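Raw contents of query_0.txt, compact mmCIF, C-alpha atoms and all ligand atoms:
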```
# COMPACT_ATOMS: atom_id res chain seq x y z
CA MET A 1 -62.01 198.25 216.70
CA ASP A 2 -64.05 201.36 217.29
CA LYS A 3 -63.10 202.64 220.74
CA GLU A 4 -66.67 203.71 221.46
CA ASP A 5 -67.66 200.06 221.33
CA SER A 6 -65.12 198.96 223.96
CA TYR A 7 -67.88 197.40 226.04
CA LYS A 8 -68.10 194.68 223.39
CA VAL A 9 -64.81 193.19 224.54
CA CYS A 10 -63.75 191.79 227.92
CA ALA A 11 -62.29 194.55 230.11
CA PHE A 12 -59.76 192.05 231.50
CA CYS A 13 -58.52 190.01 228.52
CA ASN A 14 -59.93 191.81 225.45
CA VAL A 15 -61.69 188.76 224.06
CA ASP A 16 -64.84 189.62 222.07
CA LEU A 17 -67.95 189.37 224.22
CA VAL A 18 -69.82 187.07 221.84
CA GLY A 19 -71.04 183.47 221.91
CA GLN A 20 -69.73 181.45 224.83
CA SER A 21 -67.52 184.31 226.02
CA ARG A 22 -70.56 186.45 226.65
CA SER A 23 -71.67 186.10 230.25
CA GLN A 24 -74.23 187.84 232.35
CA GLU A 25 -72.28 189.26 235.26
CA HIS A 26 -74.12 190.40 238.38
CA VAL A 27 -73.36 194.04 239.15
CA ILE A 28 -73.88 193.45 242.90
CA PRO A 29 -73.03 189.77 243.68
CA ASN A 30 -76.10 187.54 243.64
CA SER A 31 -74.74 185.79 246.74
CA ILE A 32 -75.72 188.84 248.80
CA GLY A 33 -78.97 189.38 246.91
CA GLY A 34 -77.89 191.39 243.82
CA ARG A 35 -80.15 191.17 240.75
CA LEU A 36 -78.98 193.59 238.06
CA LYS A 37 -76.73 192.08 235.37
CA THR A 38 -74.51 193.28 232.56
CA ALA A 39 -73.05 191.33 229.63
CA GLU A 40 -70.78 194.23 228.66
CA PHE A 41 -68.04 193.95 231.24
CA ILE A 42 -65.96 190.76 231.36
CA CYS A 43 -66.01 187.39 229.58
CA ALA A 44 -67.30 184.12 231.03
CA ARG A 45 -63.77 182.82 231.58
CA CYS A 46 -62.55 185.89 233.50
CA ASN A 47 -65.74 185.84 235.49
CA ASN A 48 -65.20 182.18 236.45
CA THR A 49 -61.48 182.39 237.12
CA LYS A 50 -61.35 185.74 238.90
CA GLY A 51 -64.68 187.40 239.59
CA ASP A 52 -66.35 184.45 241.29
CA SER A 53 -63.59 183.90 243.83
CA TRP A 54 -63.57 187.60 244.80
CA ASP A 55 -67.33 187.57 245.18
CA SER A 56 -67.36 184.41 247.27
CA GLU A 57 -64.89 185.90 249.75
CA LEU A 58 -67.11 188.98 250.05
CA ALA A 59 -70.22 186.81 250.41
CA GLN A 60 -68.53 184.88 253.20
CA GLN A 61 -67.65 188.06 255.11
CA LEU A 62 -71.26 189.21 254.80
CA ASN A 63 -72.88 185.79 255.29
CA TRP A 64 -74.20 186.53 258.78
CA PHE A 65 -76.08 189.51 257.35
CA SER A 66 -77.44 187.51 254.41
CA LEU A 67 -78.63 184.72 256.72
CA SER A 68 -80.13 186.99 259.36
CA LEU A 69 -82.09 188.99 256.81
CA GLY A 70 -83.12 185.96 254.79
CA ILE A 71 -82.06 187.36 251.43
CA THR A 72 -83.16 185.52 248.33
CA ARG A 73 -80.74 184.37 245.67
CA GLU A 74 -81.18 183.01 242.17
CA ARG A 75 -79.45 179.74 242.91
CA GLY A 76 -79.67 177.94 246.22
CA LEU A 77 -79.66 179.06 249.80
CA PRO A 78 -76.72 180.73 251.46
CA PRO A 79 -74.54 178.25 253.39
CA GLY A 80 -75.07 177.93 257.14
CA GLN A 81 -72.62 179.76 259.31
CA LEU A 82 -70.91 178.90 262.56
CA VAL A 83 -71.50 181.62 265.13
CA ASN A 84 -70.24 182.07 268.68
CA THR A 85 -72.28 183.25 271.62
CA VAL A 86 -70.85 185.58 274.23
CA ASP A 87 -70.82 182.74 276.77
CA GLY A 88 -68.67 180.62 274.48
CA ARG A 89 -71.08 178.19 272.82
CA GLN A 90 -71.14 177.53 269.08
CA TYR A 91 -74.16 177.25 266.84
CA THR A 92 -74.81 177.06 263.15
CA LEU A 93 -77.03 179.81 261.80
CA LEU A 94 -79.23 178.19 259.13
CA PRO A 95 -80.79 179.79 256.03
CA ASP A 96 -84.26 179.84 257.63
CA GLY A 97 -82.88 182.05 260.40
CA SER A 98 -82.90 179.34 263.06
CA PHE A 99 -79.91 178.11 265.02
CA SER A 100 -78.68 174.61 265.35
CA PRO A 101 -76.12 173.41 267.92
CA LYS A 102 -72.68 172.75 266.51
CA SER A 103 -72.33 169.13 265.35
CA SER A 104 -70.67 166.80 267.79
CA TYR A 105 -69.87 163.10 268.20
CA SER A 106 -68.81 161.27 271.33
CA GLU A 107 -68.56 157.68 272.52
CA GLU A 108 -68.65 156.35 276.06
CA LEU A 109 -68.73 152.92 277.65
CA VAL A 110 -71.75 152.31 279.90
CA ASP A 111 -72.00 148.87 281.57
CA GLY A 112 -69.73 147.36 278.94
CA LYS A 113 -71.86 148.78 276.11
CA LYS A 114 -70.79 151.53 273.83
CA ARG A 115 -73.05 154.58 273.91
CA ILE A 116 -72.76 157.04 271.04
CA HIS A 117 -73.99 160.60 271.32
CA ILE A 118 -74.48 162.55 268.09
CA VAL A 119 -75.61 166.11 267.59
CA ALA A 120 -76.09 166.97 263.92
CA ALA A 121 -76.93 170.35 262.43
CA SER A 122 -79.55 168.92 260.06
CA VAL A 123 -81.64 165.80 259.57
CA ARG A 124 -79.60 165.05 256.45
CA GLU A 125 -76.38 165.19 258.39
CA ALA A 126 -77.85 163.05 261.19
CA LYS A 127 -78.89 160.35 258.71
CA LYS A 128 -75.46 160.38 257.13
CA ARG A 129 -73.74 160.05 260.49
CA LEU A 130 -76.03 157.26 261.64
CA SER A 131 -75.34 155.31 258.44
CA GLY A 132 -71.64 155.74 259.20
CA VAL A 133 -72.16 154.27 262.68
CA ALA A 134 -74.12 151.35 261.20
CA LYS A 135 -71.25 150.53 258.85
CA LYS A 136 -68.77 150.51 261.71
CA HIS A 137 -70.98 148.59 264.15
CA PRO A 138 -72.94 145.74 262.48
CA THR A 139 -75.14 145.23 265.56
CA PHE A 140 -76.38 148.81 265.44
CA ASN A 141 -80.08 149.10 264.63
CA LEU A 142 -80.14 151.80 261.99
CA GLU A 143 -83.89 151.62 261.29
CA GLN A 144 -84.73 152.14 264.93
CA ALA A 145 -82.25 154.99 265.38
CA LEU A 146 -83.65 156.76 262.34
CA SER A 147 -87.18 156.45 263.65
CA GLU A 148 -86.10 157.89 267.00
CA LEU A 149 -84.38 160.99 265.58
CA GLU A 150 -85.21 163.98 267.70
CA ILE A 151 -85.34 167.40 266.11
CA GLN A 152 -84.70 170.38 268.32
CA THR A 153 -84.58 174.05 267.50
CA ALA A 154 -82.23 176.06 269.64
CA TYR A 155 -83.07 179.58 270.76
CA LEU A 156 -80.13 181.57 271.90
CA ASP A 157 -80.24 183.16 275.33
CA SER A 158 -76.77 184.57 275.04
CA PRO A 159 -76.03 187.34 272.51
CA LEU A 160 -73.96 186.48 269.47
CA THR A 161 -70.52 187.78 268.76
CA VAL A 162 -70.34 188.82 265.15
CA GLU A 163 -67.38 190.15 263.30
CA LEU A 164 -68.29 193.31 261.44
CA SER A 165 -65.59 193.70 258.87
CA LEU A 166 -65.32 193.89 255.13
CA GLY A 167 -62.15 194.10 253.10
CA GLY A 168 -58.94 192.36 252.12
CA LYS A 169 -57.53 191.52 248.72
CA ALA A 170 -60.35 189.41 247.34
CA SER A 171 -63.29 191.24 248.92
CA GLY A 172 -61.83 194.60 247.94
CA ARG A 173 -61.64 193.42 244.35
CA SER A 174 -65.26 192.30 244.47
CA LEU A 175 -66.24 195.83 245.55
CA VAL A 176 -64.21 197.49 242.79
CA LYS A 177 -65.52 194.96 240.26
CA THR A 178 -69.05 195.95 241.22
CA ALA A 179 -68.20 199.62 240.54
CA LEU A 180 -66.84 198.71 237.08
CA ALA A 181 -69.65 196.31 236.26
CA PHE A 182 -72.08 199.12 236.99
CA ALA A 183 -69.98 201.51 234.85
CA SER A 184 -70.19 198.94 232.02
CA TYR A 185 -73.94 198.74 232.52
CA CYS A 186 -74.03 202.56 232.22
CA ARG A 187 -72.03 202.25 228.98
CA VAL A 188 -68.86 203.96 230.20
CA PRO A 189 -66.09 202.89 227.78
CA HIS A 190 -63.61 200.45 229.36
CA ARG A 191 -60.68 202.73 228.50
CA GLU A 192 -62.08 205.08 231.17
CA PHE A 193 -61.70 202.45 233.90
CA GLY A 194 -58.34 203.90 234.98
CA LYS A 195 -56.77 202.87 238.27
CA ALA A 196 -59.71 200.73 239.28
CA LEU A 197 -59.11 198.34 236.37
CA ASP A 198 -55.34 198.27 237.07
CA TYR A 199 -56.16 197.21 240.61
CA LEU A 200 -58.29 194.29 239.42
CA LEU A 201 -55.55 193.07 237.08
CA ASP A 202 -52.52 193.57 239.32
CA ALA A 203 -52.34 191.69 242.64
CA GLN A 204 -49.78 194.20 243.98
CA ALA A 205 -51.67 197.38 243.12
CA GLU A 206 -52.80 199.81 245.80
CA PRO A 207 -56.53 199.67 246.54
CA PRO A 208 -58.39 202.53 244.81
CA TYR A 209 -61.13 202.48 247.44
CA GLY A 210 -61.61 203.39 251.08
CA HIS A 211 -64.18 202.89 253.83
CA ALA A 212 -66.44 205.93 253.83
CA TYR A 213 -67.57 206.88 257.34
CA LEU A 214 -66.80 210.62 257.52
CA SER A 215 -70.32 211.70 256.65
CA ASP A 216 -73.48 209.92 255.54
CA LEU A 217 -73.26 210.11 251.74
CA VAL A 218 -76.86 208.99 251.27
CA ILE A 219 -79.04 212.10 251.21
CA ASN A 220 -82.51 210.57 251.53
CA ARG A 221 -81.81 207.77 254.01
CA ASP A 222 -84.92 206.17 255.44
CA SER A 223 -83.94 204.92 258.89
CA LYS A 224 -86.25 201.89 258.59
CA THR A 225 -84.85 200.41 255.40
CA ILE A 226 -81.52 198.83 254.70
CA PHE A 227 -80.39 198.46 251.14
CA HIS A 228 -77.58 197.64 248.73
CA CYS A 229 -76.61 200.45 246.41
CA VAL A 230 -74.01 201.31 243.82
CA ALA A 231 -73.72 204.88 242.55
CA LEU A 232 -71.58 206.09 239.66
CA LYS A 233 -70.72 209.76 239.28
CA SER A 234 -68.42 211.91 237.19
CA ASP A 235 -66.93 215.22 238.29
CA SER A 236 -65.82 217.17 235.23
CA ASP A 237 -63.98 219.85 237.26
CA LYS A 238 -61.64 217.24 238.66
CA ASN A 239 -61.75 214.78 235.72
CA ARG A 240 -62.89 212.20 238.22
CA LEU A 241 -65.07 209.11 237.85
CA TRP A 242 -66.06 207.59 241.18
CA SER A 243 -68.44 205.16 242.76
CA TYR A 244 -70.13 204.79 246.13
CA ILE A 245 -71.12 201.29 247.27
CA GLU A 246 -73.17 200.43 250.32
CA TYR A 247 -74.17 196.92 251.53
CA PHE A 248 -76.66 196.10 254.29
CA GLY A 249 -76.88 199.76 255.30
CA MET A 250 -73.60 199.62 257.13
CA PHE A 251 -70.74 198.69 254.82
CA ARG A 252 -69.87 201.83 252.88
CA VAL A 253 -67.01 202.45 250.48
CA LEU A 254 -65.92 205.05 247.94
CA VAL A 255 -64.04 203.92 244.82
CA LEU A 256 -61.92 206.30 242.79
CA ILE A 257 -62.25 204.70 239.37
CA ASN A 258 -60.34 207.23 237.28
CA ASP A 259 -58.78 210.60 238.08
CA ASN A 260 -58.14 211.39 234.39
CA TYR A 261 -61.70 210.85 233.30
CA VAL A 262 -62.75 212.43 229.98
CA GLY A 263 -65.85 210.35 229.26
CA PRO A 264 -69.50 211.38 229.29
CA VAL A 265 -71.16 213.02 232.30
CA ILE A 266 -72.56 210.28 234.54
CA ASP A 267 -74.87 210.42 237.53
CA GLU A 268 -76.52 207.04 238.11
CA THR A 269 -77.56 205.13 241.20
CA TYR A 270 -78.95 201.63 241.48
CA ALA A 271 -80.34 200.47 244.82
CA ILE A 272 -82.31 197.43 245.96
CA ASN A 273 -83.95 195.98 248.98
CA PRO A 274 -81.79 192.85 249.48
CA ILE A 275 -84.71 190.85 250.92
CA THR A 276 -87.11 191.31 248.04
CA GLY A 277 -84.78 192.43 245.26
CA GLU A 278 -87.09 195.37 244.60
CA GLU A 279 -85.48 198.53 243.33
CA ILE A 280 -85.66 201.52 245.62
CA GLU A 281 -84.87 205.22 245.27
CA VAL A 282 -81.62 206.22 246.88
CA GLU A 283 -79.88 209.53 246.38
CA VAL A 284 -76.13 209.79 246.87
CA ASN A 285 -74.37 213.09 247.56
CA SER A 286 -72.65 214.33 244.36
CA ASN A 287 -70.86 217.17 246.13
CA ILE A 288 -68.54 215.49 248.59
CA ALA A 289 -65.94 217.97 249.84
CA ASP A 290 -62.62 217.30 248.14
CA GLU A 291 -60.86 217.01 251.46
CA GLU A 292 -63.27 214.28 252.57
CA PHE A 293 -62.95 212.43 249.26
CA ILE A 294 -59.14 212.36 249.42
CA LYS A 295 -59.16 211.30 253.08
CA VAL A 296 -61.48 208.36 252.34
CA ILE A 297 -59.49 207.14 249.34
CA SER A 298 -56.22 207.45 251.31
CA GLY A 299 -57.62 205.14 254.01
CA TYR A 300 -58.53 207.75 256.64
CA GLY A 301 -62.25 207.52 256.14
CA ILE A 302 -63.41 206.17 259.49
CA ASP A 303 -65.01 208.47 262.02
CA PRO A 304 -66.07 206.05 264.81
CA VAL A 305 -69.20 208.12 265.54
CA VAL A 306 -70.43 207.88 261.94
CA GLN A 307 -69.51 204.19 261.72
CA ARG A 308 -71.34 203.50 264.98
CA ALA A 309 -74.40 205.36 263.67
CA ALA A 310 -74.38 203.11 260.59
CA ALA A 311 -74.32 199.99 262.78
CA ASP A 312 -76.99 201.42 265.12
CA LEU A 313 -79.23 201.90 262.12
CA ALA A 314 -78.68 198.53 260.46
CA LEU A 315 -78.41 196.08 263.36
CA PRO A 316 -81.84 196.64 264.97
CA ILE A 317 -83.51 196.14 261.56
CA LEU A 318 -81.54 192.96 261.08
CA ILE A 319 -82.28 191.61 264.54
CA GLU A 320 -85.99 192.41 264.28
CA ARG A 321 -86.20 190.65 260.94
CA SER A 322 -84.28 187.70 262.29
CA GLU A 323 -86.60 187.38 265.33
CA GLN A 324 -89.66 187.67 263.15
CA ARG A 325 -88.38 184.83 260.97
CA THR A 326 -87.62 182.73 264.04
CA LEU A 327 -91.18 183.23 265.30
CA GLU A 328 -92.62 182.31 261.91
CA GLY A 329 -90.39 179.24 261.90
CA ALA A 330 -91.55 178.23 265.40
CA VAL A 331 -95.19 178.57 264.38
CA ARG A 332 -94.59 176.55 261.21
CA ALA A 333 -92.79 173.83 263.15
CA GLY A 334 -95.56 173.78 265.77
CA PHE A 335 -98.21 173.41 263.09
CA ALA A 336 -96.34 170.58 261.37
CA TYR A 337 -95.76 168.81 264.69
CA ALA A 338 -99.42 169.01 265.69
CA ALA A 339 -100.57 167.85 262.26
CA LYS A 340 -98.15 164.91 262.26
CA THR A 341 -99.04 163.83 265.80
CA LEU A 342 -102.76 163.83 265.02
CA GLY A 343 -102.25 162.24 261.60
CA ILE A 344 -103.66 165.18 259.66
CA ALA A 345 -102.27 165.38 256.13
CA GLU A 346 -101.06 168.60 254.55
CA GLY A 347 -103.94 170.65 253.16
CA GLU A 348 -106.48 168.60 255.07
CA GLU A 349 -108.89 170.47 257.36
CA ILE A 350 -108.48 170.16 261.10
CA PRO A 351 -111.65 168.49 262.46
CA ILE A 352 -113.39 170.87 264.85
CA GLU A 353 -113.48 168.29 267.68
CA ARG A 354 -109.68 168.03 267.56
CA ALA A 355 -108.97 171.76 267.38
CA LYS A 356 -108.28 172.07 271.09
CA GLU A 357 -105.86 169.15 271.05
CA PHE A 358 -104.22 170.58 267.92
CA THR A 359 -103.67 173.96 269.58
CA ALA A 360 -102.22 172.34 272.68
CA LEU A 361 -99.73 170.35 270.61
CA MET A 362 -98.80 173.45 268.63
CA MET A 363 -98.18 175.42 271.81
CA GLU A 364 -95.99 172.62 273.11
CA LYS A 365 -93.59 173.35 270.25
CA ILE A 366 -93.90 177.13 270.33
CA THR A 367 -93.53 177.55 274.10
CA PRO A 368 -89.72 177.13 274.17
CA TYR A 369 -89.50 180.03 271.72
CA LEU A 370 -91.86 182.19 273.77
CA SER A 371 -89.99 181.52 276.99
CA HIS A 372 -86.77 182.36 275.18
CA LEU A 373 -88.33 185.70 274.22
CA ILE A 374 -89.33 186.39 277.80
CA ARG A 375 -85.88 185.49 279.09
CA SER A 376 -84.07 187.63 276.54
CA ASN A 377 -86.36 190.57 277.24
CA ARG A 378 -85.49 190.27 280.93
CA GLN A 379 -81.85 190.51 279.98
CA HIS A 380 -82.51 193.85 278.34
CA LEU A 381 -84.02 195.28 281.54
ZN ZN A 401 -61.84 187.96 229.75
```

Please rewrite the model in this file as structure tokens.
Ligand SMILES: [Zn+2]
Amino acid sequence: MDKEDSYKVCAFCNVDLVGQSRSQEHVIPNSIGGRLKTAEFICARCNNTKGDSWDSELAQQLNWFSLSLGITRERGLPPGQLVNTVDGRQYTLLPDGSFSPKSSYSEELVDGKKRIHIVAASVREAKKRLSGVAKKHPTFNLEQALSELEIQTAYLDSPLTVELSLGGKASGRSLVKTALAFASYCRVPHREFGKALDYLLDAQAEPPYGHAYLSDLVINRDSKTIFHCVALKSDSDKNRLWSYIEYFGMFRVLVLINDNYVGPVIDETYAINPITGEEIEVEVNSNIADEEFIKVISGYGIDPVVQRAAADLALPILIERSEQRTLEGAVRAGFAYAAKTLGIAEGEEIPIERAKEFTALMMEKITPYLSHLIRSNRQHL
């Protein structure tokens, strides 16, 4: 085989990347909003047996961010996530940005009759649970219970506690895989994948990456935008090929791909807005001081001030977006409630004589959200 064509075989198992073995691998996992793909990195089998499980661990660690921002994916919505509030309650954060109380089931005896209390996170779950009750208790009136289902949207008055961490064996491999998938996309021969590839293939290998919070490596950062980016750069003086990866504006890592690099000169960056998938211009510093580079790769890359600045930049954008989506959701729910109550079908015009009534019904649904806003603003005072 011609070595220059190494991107035509799987970087993991050397199978030819043709026919069914050829798979379109996302450079940045699609589960967090990545779009760009390459078919020149690993085969379908290695992708399914290894790559996917690494990516899903990473996606799980970043799920709160994906849900709060409302990222779009190619297939399906992100799963809901259980979150805790500071005052100890649990909710499920749903893909539309709203919260639902944690599911619960309890039974009590009242005047010799059994009373069952169910809280379900979705209408689907509620229906499933009610059918379960009907099977167990033949006298239970399923039809009636279904018609009396009450849907409530919860607005949180207590701040959430969110774990802000990224890393571990599987997640770390997803990050390094992204660096190498992007290198494949940039047509760097697989034989130049050095230590980074060894790390992906050997469960005991030392991580070739480190968290990068000693300086802001993005030169043209716009403080109002958060993005995903992967940069690939070569340094011919040091025979180094390295990558910088940033997710959601606040998770930042450097990957030392190869420190014996003799391939072509590379300076490429790919960045997207994770909400829209649109590509954006991001410039990553090519001249990191050697001392800083080595510190980051050796695991000493966290300056709490820089890390805090990253969070201070990303979190307000996330929270604002999340609140905006909640408001839109409340308005949508209010509209649907008013239309249903007045028997107005979708797309049908609201008769002028009923407009006042319609607005009143809509406000009935939106008011809990507005009073939540007022209460949480008071808390900030
Ligand atoms: Zn393979």

Legend entry - Option closest in space to ligand ZN 401 (chain A), from A:Leu201, A:Ser147, A:Leu94, A:Ile350 [counting only C-alpha atoms and all ligand atoms]: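 Using only C-alpha atoms and all ligand atoms, ligand ZN 401 (chain A) sits closest to A:Leu201.
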
Would you kindly return, as a compact mmCIF listing (two decimals) with C-alpha atoms, keeping the file's coordinate frame, each protein, DNA or RNA residue with an atom no farther than 12 Å from any atom of Ser215 in chain A, considering all atoms listed in the file and excluding same-chain residues fewer than 2 positions away?
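Full text of out05.txt as output:
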```txt
# COMPACT_ATOMS: atom_id res chain seq x y z
CA HIS A 211 -64.18 202.89 253.83
CA ALA A 212 -66.44 205.93 253.83
CA TYR A 213 -67.57 206.88 257.34
CA LEU A 217 -73.26 210.11 251.74
CA VAL A 218 -76.86 208.99 251.27
CA ILE A 219 -79.04 212.10 251.21
CA ARG A 252 -69.87 201.83 252.88
CA VAL A 253 -67.01 202.45 250.48
CA LEU A 254 -65.92 205.05 247.94
CA VAL A 284 -76.13 209.79 246.87
CA ASN A 285 -74.37 213.09 247.56
CA ASN A 287 -70.86 217.17 246.13
CA ILE A 288 -68.54 215.49 248.59
CA ALA A 289 -65.94 217.97 249.84
CA GLU A 292 -63.27 214.28 252.57
CA PHE A 293 -62.95 212.43 249.26
CA LYS A 295 -59.16 211.30 253.08
CA VAL A 296 -61.48 208.36 252.34
CA GLY A 301 -62.25 207.52 256.14
CA ILE A 302 -63.41 206.17 259.49
CA ASP A 303 -65.01 208.47 262.02
CA PRO A 304 -66.07 206.05 264.81
CA VAL A 305 -69.20 208.12 265.54
CA VAL A 306 -70.43 207.88 261.94
CA GLN A 307 -69.51 204.19 261.72
CA ARG A 308 -71.34 203.50 264.98
CA ALA A 309 -74.40 205.36 263.67
CA ALA A 310 -74.38 203.11 260.59
```

Inset, instruction - Tell me, in Å to one decimal, how far CA of Glu108 in chain A is from CA of Ala120 in chain A. - result: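 Calculated distance between CA of Glu108 in chain A and CA of Ala120 in chain A is 17.8 Å.
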
Legend entry - Residue among A:Thr276, A:Thr92, A:Ser131, A:Thr225 lying closest to Arg73 in chain A, counting all atoms listed in the file: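 Smallest distance to Arg73 in chain A is found for A:Thr276.
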
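For the set A:Glu349, A:Asp259, A:Glu246, A:Glu268, the residue with the smallest atom-to-atom gap to Gly194 in chain A is A:Asp259, counting all atoms listed in the file.
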
Legend entry - Within 12 Å of ligand ZN 401 (chain A), counting all atoms listed in the file, residues as a ChimeraX atom specification: /A:7-18,20-23,25,39-51,201

Legend entry - From A:Glu320, A:Glu279, A:Glu143, A:Glu364, residue lying nearest Thr341 in chain A [all atoms listed in the file]: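 The shortest atom-to-atom distance to Thr341 in chain A comes from A:Glu364.
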
Legend entry - Atom pair CA of Met250 in chain A / CA of Glu74 in chain A: separation (Å):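 Separation between CA of Met250 in chain A and CA of Glu74 in chain A: 23.6 Å.
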
Inset, instruction - Figure out the distance between CA of Tyr247 in chain A and CA of Arg35 in chain A, please, to one decimal in Å. - result: 13.6 Å

Legend entry - Nearby residues (only C-alpha atoms) at most 7 Å from Arg240 in chain A, same-chain spacing under 4 positions excluded, as a ChimeraX atom specification: /A:234-236,258-261

Inset, instruction - Identify which of the residues A:Ser322, A:Ser122, A:Asn30, A:Ser298 lies closest to Pro208 in chain A, counting only C-alpha atoms when measuring atom-to-atom distances. - result: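 Among the listed residues, the smallest separation from Pro208 in chain A belongs to A:Ser298.
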
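Taking all atoms listed in the file into account, Arg325 in chain A lies nearest to A:Asp96 out of the set A:Asp96, A:Glu148, A:Glu348, A:Asp237.
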
Find the residues around Ala121 in chain A up to 7 Å (all atoms listed in the file counted), leave out those fewer than 5 positions away in its own chain, and share them as a PDB file with C-alpha atoms, keeping the file's coordinate frame.
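Wrote around-v5.pdb, looks like this:
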```pdb
ATOM      1  CA  SER A 100     -78.680 174.610 265.350  1.00  0.00           C
ATOM      2  CA  PRO A 101     -76.120 173.410 267.920  1.00  0.00           C
ATOM      3  CA  LYS A 102     -72.680 172.750 266.510  1.00  0.00           C
ATOM      4  CA  SER A 103     -72.330 169.130 265.350  1.00  0.00           C
TER       5      SER A 103
END
```

Inset, instruction - Mind checking which residues fall within 9 Å of Lys177 in chain A, counting all atoms listed in the file, ignoring those fewer than 5 positions away in the same chain, and posting them as a PyMOL selection string? - result: chain A and resi 27-28+51+54+172+182+196-197+200

Can you put N, CA and C atoms back into range 64-76 of chain A and show it as a PDB file, in the frame of the given file?
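What ended up in rebuild-v4.pdb:
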```pdb
ATOM      1  N   TRP A  64     -73.328 186.374 257.606  1.00  0.00           N
ATOM      2  CA  TRP A  64     -74.200 186.530 258.780  1.00  0.00           C
ATOM      3  C   TRP A  64     -75.353 187.486 258.460  1.00  0.00           C
ATOM      4  N   PHE A  65     -75.052 188.527 257.718  1.00  0.00           N
ATOM      5  CA  PHE A  65     -76.080 189.510 257.350  1.00  0.00           C
ATOM      6  C   PHE A  65     -77.085 188.887 256.375  1.00  0.00           C
ATOM      7  N   SER A  66     -76.559 188.149 255.392  1.00  0.00           N
ATOM      8  CA  SER A  66     -77.440 187.510 254.410  1.00  0.00           C
ATOM      9  C   SER A  66     -78.380 186.509 255.095  1.00  0.00           C
ATOM     10  N   LEU A  67     -77.822 185.738 256.026  1.00  0.00           N
ATOM     11  CA  LEU A  67     -78.630 184.720 256.720  1.00  0.00           C
ATOM     12  C   LEU A  67     -79.646 185.348 257.654  1.00  0.00           C
ATOM     13  N   SER A  68     -79.221 186.376 258.393  1.00  0.00           N
ATOM     14  CA  SER A  68     -80.130 186.990 259.360  1.00  0.00           C
ATOM     15  C   SER A  68     -81.305 187.673 258.670  1.00  0.00           C
ATOM     16  N   LEU A  69     -81.022 188.285 257.521  1.00  0.00           N
ATOM     17  CA  LEU A  69     -82.090 188.990 256.810  1.00  0.00           C
ATOM     18  C   LEU A  69     -82.956 188.037 256.006  1.00  0.00           C
ATOM     19  N   GLY A  70     -82.382 186.889 255.640  1.00  0.00           N
ATOM     20  CA  GLY A  70     -83.120 185.960 254.790  1.00  0.00           C
ATOM     21  C   GLY A  70     -83.196 186.470 253.372  1.00  0.00           C
ATOM     22  N   ILE A  71     -82.065 186.872 252.803  1.00  0.00           N
ATOM     23  CA  ILE A  71     -82.060 187.360 251.430  1.00  0.00           C
ATOM     24  C   ILE A  71     -82.377 186.223 250.473  1.00  0.00           C
ATOM     25  N   THR A  72     -82.886 186.559 249.315  1.00  0.00           N
ATOM     26  CA  THR A  72     -83.160 185.520 248.330  1.00  0.00           C
ATOM     27  C   THR A  72     -82.115 185.601 247.219  1.00  0.00           C
ATOM     28  N   ARG A  73     -81.729 184.426 246.741  1.00  0.00           N
ATOM     29  CA  ARG A  73     -80.740 184.370 245.670  1.00  0.00           C
ATOM     30  C   ARG A  73     -81.323 183.603 244.507  1.00  0.00           C
ATOM     31  N   GLU A  74     -80.668 183.734 243.336  1.00  0.00           N
ATOM     32  CA  GLU A  74     -81.180 183.010 242.170  1.00  0.00           C
ATOM     33  C   GLU A  74     -80.951 181.511 242.291  1.00  0.00           C
ATOM     34  N   ARG A  75     -79.762 181.157 242.828  1.00  0.00           N
ATOM     35  CA  ARG A  75     -79.450 179.740 242.910  1.00  0.00           C
ATOM     36  C   ARG A  75     -79.121 179.357 244.336  1.00  0.00           C
ATOM     37  N   GLY A  76     -79.981 178.539 244.928  1.00  0.00           N
ATOM     38  CA  GLY A  76     -79.670 177.940 246.220  1.00  0.00           C
ATOM     39  C   GLY A  76     -79.702 178.892 247.397  1.00  0.00           C
TER      40      GLY A  76
END
```
